[in-house]
Amino acid sequence: MKDLSSCSRRRFTAEERAHFVALYRQSGLRQGAFARQHGIKLGTLQQWLCRRKTQPPSIGPGFQELIVPLTSSPWAAQIRLSQEMTIQLGLEATGQLISQLLGSLRRPC
């Protein structure tokens, strides 16, 4: 009979998952190699990576400047992605511009 105590799966905290995702992204390794090196199942690592990509982007240290021409017209729309990131669009914003902007913020799984 199989010993069930050796089959228990390890539970990772949210902080541990975020730590491993950050380590993986900095490692330059392929997913399989990284998972083996850290004793994580490949499928588990892939789930963590996919989840992190579907969450709102986190703001790291520093910032990226975006130059937008000033207009005197009021905002037509405001999109709040997180507490740190808000996008305001003027009346002259075209559908194509909005589509490109939102597309660049999405990260595929």
# chains A, B, ... in the order shown; residues from 1 in each chain; ligands from 1
call {"tool": "residues_around", "arguments": {"residues": "range 23-40 of chain A", "least_positions_apart": "6", "cutoff": "10 Å", "atoms": "only C-alpha atoms", "output": "MDAnalysis selection string"}}
result
chainID A and resid 10 17 46 49
call {"tool": "write_last_selection", "arguments": {"atoms": "C-alpha atoms", "output": "CSV table (one decimal), in the first residue's frame"}}
result
chain,number,residue,atom,x,y,z
A,10,ARG,CA,3.1,21.6,-0.9
A,17,ARG,CA,4.5,32.4,-5.5
A,46,GLN,CA,3.0,27.9,-15.6
A,49,LEU,CA,2.9,32.9,-14.5
call {"tool": "residues_around", "arguments": {"residues": "Arg80 in chain A", "least_positions_apart": "3", "cutoff": "12 Å", "atoms": "only C-alpha atoms", "output": "PyMOL selection string"}}
result
chain A and resi 56-57+77+83-89+102
call {"tool": "residues_around", "arguments": {"residues": "Ile98 in chain A", "least_positions_apart": "5", "cutoff": "12 Å", "atoms": "only C-alpha atoms", "output": "list in words"}}
result
Ala76, Ala77, Gln78, Ile79, Ile87, Gln88, Leu89, Gly90, Leu91, Glu92, Ala93, Gly103, Ser104 and Leu105 of chain A
call {"tool": "write_last_selection", "arguments": {"atoms": "N, CA and C atoms", "output": "PDB file, in the first residue's frame"}}
result
ATOM      1  N   ALA A  76     -12.785  62.441 -22.048  1.00  0.00           N
ATOM      2  CA  ALA A  76     -13.951  61.696 -22.524  1.00  0.00           C
ATOM      3  C   ALA A  76     -14.097  60.395 -21.745  1.00  0.00           C
ATOM      4  N   ALA A  77     -12.975  59.856 -21.276  1.00  0.00           N
ATOM      5  CA  ALA A  77     -13.008  58.587 -20.543  1.00  0.00           C
ATOM      6  C   ALA A  77     -11.814  58.515 -19.601  1.00  0.00           C
ATOM      7  N   GLN A  78     -12.008  57.789 -18.540  1.00  0.00           N
ATOM      8  CA  GLN A  78     -10.928  57.550 -17.588  1.00  0.00           C
ATOM      9  C   GLN A  78     -10.925  56.064 -17.269  1.00  0.00           C
ATOM     10  N   ILE A  79      -9.777  55.420 -17.370  1.00  0.00           N
ATOM     11  CA  ILE A  79      -9.649  53.994 -17.093  1.00  0.00           C
ATOM     12  C   ILE A  79      -8.695  53.845 -15.918  1.00  0.00           C
ATOM     13  N   ILE A  87      -5.600  56.001 -16.713  1.00  0.00           N
ATOM     14  CA  ILE A  87      -5.458  56.502 -18.072  1.00  0.00           C
ATOM     15  C   ILE A  87      -6.654  57.407 -18.347  1.00  0.00           C
ATOM     16  N   GLN A  88      -6.376  58.624 -18.794  1.00  0.00           N
ATOM     17  CA  GLN A  88      -7.440  59.558 -19.138  1.00  0.00           C
ATOM     18  C   GLN A  88      -7.360  59.839 -20.631  1.00  0.00           C
ATOM     19  N   LEU A  89      -8.493  59.751 -21.302  1.00  0.00           N
ATOM     20  CA  LEU A  89      -8.551  59.922 -22.751  1.00  0.00           C
ATOM     21  C   LEU A  89      -9.381  61.146 -23.092  1.00  0.00           C
ATOM     22  N   GLY A  90      -8.867  61.954 -24.000  1.00  0.00           N
ATOM     23  CA  GLY A  90      -9.568  63.142 -24.450  1.00  0.00           C
ATOM     24  C   GLY A  90     -10.619  62.801 -25.491  1.00  0.00           C
ATOM     25  N   LEU A  91     -11.419  63.798 -25.842  1.00  0.00           N
ATOM     26  CA  LEU A  91     -12.486  63.609 -26.818  1.00  0.00           C
ATOM     27  C   LEU A  91     -11.953  63.211 -28.192  1.00  0.00           C
ATOM     28  N   GLU A  92     -10.717  63.644 -28.498  1.00  0.00           N
ATOM     29  CA  GLU A  92     -10.163  63.354 -29.821  1.00  0.00           C
ATOM     30  C   GLU A  92      -9.529  61.967 -29.923  1.00  0.00           C
ATOM     31  N   ALA A  93      -9.517  61.185 -28.837  1.00  0.00           N
ATOM     32  CA  ALA A  93      -8.940  59.835 -28.874  1.00  0.00           C
ATOM     33  C   ALA A  93      -9.764  58.959 -29.812  1.00  0.00           C
ATOM     34  N   GLY A 103      -4.373  47.168 -25.965  1.00  0.00           N
ATOM     35  CA  GLY A 103      -3.665  45.978 -26.439  1.00  0.00           C
ATOM     36  C   GLY A 103      -2.243  45.914 -25.905  1.00  0.00           C
ATOM     37  N   SER A 104      -1.591  47.069 -25.788  1.00  0.00           N
ATOM     38  CA  SER A 104      -0.215  47.074 -25.292  1.00  0.00           C
ATOM     39  C   SER A 104      -0.169  46.790 -23.793  1.00  0.00           C
ATOM     40  N   LEU A 105      -1.272  46.995 -23.094  1.00  0.00           N
ATOM     41  CA  LEU A 105      -1.300  46.718 -21.653  1.00  0.00           C
ATOM     42  C   LEU A 105      -1.600  45.266 -21.349  1.00  0.00           C
TER      43      LEU A 105
END
call {"tool": "atom_distance", "arguments": {"atom1": "CA of Leu81 in chain A", "atom2": "CA of Phe20 in chain A"}}
result
24.2 Å
call {"tool": "atom_distance", "arguments": {"atom1": "CA of Cys50 in chain A", "atom2": "CA of Val21 in chain A"}}
result
10.0 Å
